[in-house]
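Down below is the structure, laid out as C-alpha cells.
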Amino acid sequence: MKTTVSYLTEAVHKREPHQVITANPIMVMAALENPSYMEIMKSAELVVPDGTGVVWAAEYCQEPVAERVAGFDLLHELLHQGESYNWRVYLLGSTPEVIRETASRLQTRYPGIVIAGYHDGYFGPAEDEHIVGGILEAKPDLLFVARGADSQEPWIAKYKARLQIPVMMGVGGSFDVISGKSRRAPVAFQKLRAEWLYRLLKEPTRYKRMLALPKFAVKVVREKDKVTKEQ
Ligand code: UDP
C-alpha cells in the first residue's frame, strides 16, 4: 500500500496518466473469457491485488505480493495523501443521491482536498462526450469511477488517452459505503479474508458472478501444476 501510494504520488507530480485496476478473481476470470477485457487489464498502467483470491494465487504460484491493496483503502490513502498537496478529485458513478452525499462526506473528512466535480453513473454512451468534457474542465488529479467492474474499467480505458489524469481508478461499490448507503464487511470478515462471503450474504443475487471464485481457484492450481511439470 505504501509503495503504491508513493508511486502514484510521483505520477501526480509528473502528470503521468495511470489507469489503476484493482484486480480480483472475478475480473481475472472475465479477462480470461473476454479478450477485450484482457486487453484493458494488460494495458492498465498499474494493477494492484485487491482480492484476497489474487493475493492467495500469487503466494501459491510462488510470486508473492507484499500485501493486499484493496481499492477502498487505496482511495482513502490517496485522499489522505492528497491533503498535503490540495489535489483535485473528480467522483463519477452511483446514483445522484449517493454521489452528492459521498462528495460532501469526503470533503468534510479530507478538508485539504478539492472536490473538483462529481456526476452520477447512470448515463449512456450518448452522454459520454458531455461527461468527459465536464471532467476535463474540472482538471482533476484523481478520478474515481464507481459504475461496476464490467463497465467502469472499459469506460476508463476508452477515454484515458483524452482524459490524461494521473490516477484514474474504478472503485466499484465504494461510494455506496462512503455515503452510508451500504456497509463494508465487518473487521472480522476482513480478518478472515472473507469480505466476499459477507457481500454474498448481504446480496445473494451476487452468487452467479461469484461462481467465478471456485473456477479461479481451480485454474490457479492447474496452471501451477502445468508450470511445475514443465520445469
Ligand atoms: N452503477 C452506476 N451506473 C450503472 C450501474 C451501477 O453508477 O449503470 C453504480 C452503482 O450505483 C454502485 C456501483 O456502480 O454504486 C457499483 O455497483 P456494483 O456493486 O454492482 O459493482 P461491482 O460489485 O460489480 O463492482
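Note on naming: chains are A, B, ... as they come in the C-alpha cells, residues start from 1 per chain, ligands start from 1 in the order shown.
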Counting only C-alpha atoms and all ligand atoms, what are the residues of chain A within 8 Å of ligand 1, and for each of them which pair of atoms is the nearest and at what distance in Å, to one decimal? Sort the table by chain and rising number, as a Markdown table.
| residue | atom | partner | partner_atom_place_in_ligand_line | distance |
| --- | --- | --- | --- | --- |
| A:Leu92 | CA | ligand 1 | 7 (O) | 7.5 |
| A:Gly93 | CA | ligand 1 | 7 (O) | 3.9 |
| A:Ser94 | CA | ligand 1 | 11 (O) | 3.3 |
| A:Thr95 | CA | ligand 1 | 11 (O) | 5.2 |
| A:Val98 | CA | ligand 1 | 15 (O) | 7.6 |
| A:Asp120 | CA | ligand 1 | 7 (O) | 6.0 |
| A:Gly121 | CA | ligand 1 | 7 (O) | 3.2 |
| A:Tyr122 | CA | ligand 1 | 3 (N) | 4.4 |
| A:Phe123 | CA | ligand 1 | 8 (O) | 6.8 |
| A:Ala146 | CA | ligand 1 | 14 (O) | 4.7 |
| A:Arg147 | CA | ligand 1 | 14 (O) | 3.2 |
| A:Gly148 | CA | ligand 1 | 21 (O) | 3.3 |
| A:Ala149 | CA | ligand 1 | 25 (O) | 4.2 |
| A:Asp150 | CA | ligand 1 | 24 (O) | 6.4 |
| A:Ser151 | CA | ligand 1 | 8 (O) | 7.7 |
| A:Val171 | CA | ligand 1 | 25 (O) | 7.1 |
| A:Gly172 | CA | ligand 1 | 25 (O) | 3.6 |
| A:Gly173 | CA | ligand 1 | 16 (C) | 3.9 |
| A:Ser174 | CA | ligand 1 | 15 (O) | 6.9 |
| A:Phe175 | CA | ligand 1 | 15 (O) | 5.8 |
| A:Asp176 | CA | ligand 1 | 15 (O) | 5.2 |
Can you spit out the residues from that selection as a short mmCIF file (atom, residue, chain, number, x, y, z; two decimals), in the first residue's frame, using C-alpha atoms?
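Resulting contents of selection28.cif:
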data_model
loop_
_atom_site.label_atom_id
_atom_site.label_comp_id
_atom_site.auth_asym_id
_atom_site.auth_seq_id
_atom_site.Cartn_x
_atom_site.Cartn_y
_atom_site.Cartn_z
CA LEU A 92 -18.07 9.66 -11.15
CA GLY A 93 -20.68 6.97 -10.58
CA SER A 94 -23.52 5.63 -8.40
CA THR A 95 -26.87 7.39 -8.00
CA VAL A 98 -25.18 8.67 -3.25
CA ASP A 120 -23.77 10.12 -11.13
CA GLY A 121 -23.08 6.92 -13.05
CA TYR A 122 -26.43 6.40 -14.73
CA PHE A 123 -25.79 7.65 -18.25
CA ALA A 146 -17.91 3.69 -9.45
CA ARG A 147 -20.09 2.01 -12.06
CA GLY A 148 -19.48 -1.72 -11.50
CA ALA A 149 -16.45 -3.59 -12.75
CA ASP A 150 -17.89 -4.64 -16.09
CA SER A 151 -18.44 -1.06 -17.20
CA VAL A 171 -13.84 1.82 -7.20
CA GLY A 172 -16.95 -0.42 -7.58
CA GLY A 173 -19.34 -0.07 -4.67
CA SER A 174 -17.10 2.28 -2.62
CA PHE A 175 -19.36 5.34 -2.90
CA ASP A 176 -22.28 3.29 -1.56
#
Per-residue DSSP, range 155-210 of chain A, filtered to alpha helix (DSSP H), as a PyMOL selection string: chain A and resi 155-163+174-178+187-191+195-202+207-210
Neighbour list for Val20 in chain A as a ChimeraX atom specification, cut-off 8 Å, only C-alpha atoms, skip fewer than 4 positions in-chain: /A:44-48,167-170
Å distance separating CA of Glu97 in chain A from CA of Glu153 in chain A, one decimal place: 22.7 Å
Contacts of Gln107 in chain A at 12 Å (only C-alpha atoms; same-chain gap of 4+ positions) as a ChimeraX atom specification: /A:76,79-80,82-83,86-91,100-103,111-117,178-179
Point-to-point distance from CA of Leu163 in chain A to CA of Tyr85 in chain A, Å rounded to tenths: 20.6 Å
One-decimal distance in Å that lies between CA of Pro35 in chain A and CA of Arg162 in chain A: 23.0 Å
Selection: 9 Å around Ala23 in chain A, only C-alpha atoms, excl. self and same-chain fewer than 6 positions, as a VMD selection string: chain A and resid 41 47 to 51 54 70 to 71
Each range 111-188 of chain A residue no farther than 12 Å from range 195-203 of chain A, nearest pair in Å, only C-alpha atoms, as JSON lines:
{"residue": "A:Gly173", "atom": "CA", "partner": "A:Arg199", "partner_atom": "CA", "distance": 10.8}
{"residue": "A:Ser182", "atom": "CA", "partner": "A:Lys202", "partner_atom": "CA", "distance": 9.7}
{"residue": "A:Arg183", "atom": "CA", "partner": "A:Arg199", "partner_atom": "CA", "distance": 9.4}
{"residue": "A:Arg184", "atom": "CA", "partner": "A:Glu195", "partner_atom": "CA", "distance": 8.2}
{"residue": "A:Ala185", "atom": "CA", "partner": "A:Glu195", "partner_atom": "CA", "distance": 5.5}
{"residue": "A:Pro186", "atom": "CA", "partner": "A:Glu195", "partner_atom": "CA", "distance": 8.1}
{"residue": "A:Val187", "atom": "CA", "partner": "A:Glu195", "partner_atom": "CA", "distance": 8.9}
{"residue": "A:Ala188", "atom": "CA", "partner": "A:Glu195", "partner_atom": "CA", "distance": 9.0}
Range 21-207 of chain A: residues DSSP assigns to strand (DSSP E or B), reported as a list in words: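 After running DSSP on the backbone, range 21-207 of chain A has strand (DSSP E or B) at Ile21, Thr22, Ala23, Leu46, Val47, Val48, Pro49, Arg88, Val89, Tyr90, Leu91, Leu92, Gly93, Val114, Ile115, Ala116, Gly117, Tyr118, His119, Leu142, Leu143, Phe144, Val145, Ala146, Val167, Met168, Met169 and Gly170 of chain A.
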Shell around Asp128 in chain A at 12 Å using only C-alpha atoms, local window under 4 positions removed, as a list in words: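 Residues near the query, excluding close chain neighbours: Leu92, His119, Gly121, Tyr122, Phe123, Gly124, Val132, Gly133, Gly134, Ile135, Trp155, Ile156, Lys158 and Tyr159 of chain A.
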Selection from above, C-alpha atoms, as a PDB file, in the first residue's frame, can you write it?
ATOM      1  CA  LEU A  92     -18.069   9.661 -11.151  1.00  0.00           C
ATOM      2  CA  HIS A 119     -21.566  13.176 -11.592  1.00  0.00           C
ATOM      3  CA  GLY A 121     -23.078   6.923 -13.046  1.00  0.00           C
ATOM      4  CA  TYR A 122     -26.428   6.400 -14.735  1.00  0.00           C
ATOM      5  CA  PHE A 123     -25.790   7.645 -18.252  1.00  0.00           C
ATOM      6  CA  GLY A 124     -25.450   6.027 -21.646  1.00  0.00           C
ATOM      7  CA  VAL A 132     -15.706  13.731 -20.498  1.00  0.00           C
ATOM      8  CA  GLY A 133     -15.907  17.481 -21.233  1.00  0.00           C
ATOM      9  CA  GLY A 134     -17.018  18.157 -17.656  1.00  0.00           C
ATOM     10  CA  ILE A 135     -14.167  16.112 -16.209  1.00  0.00           C
ATOM     11  CA  TRP A 155     -15.074   3.264 -19.750  1.00  0.00           C
ATOM     12  CA  ILE A 156     -11.781   4.469 -18.279  1.00  0.00           C
ATOM     13  CA  LYS A 158     -11.848   4.152 -23.697  1.00  0.00           C
ATOM     14  CA  TYR A 159     -11.300   7.701 -22.516  1.00  0.00           C
TER      15      TYR A 159
END
Distance query Tyr60 in chain A at most 8 Å, only C-alpha atoms, self and fewer than 4 positions along chain excluded, as a ChimeraX atom specification: /A:56,64,224
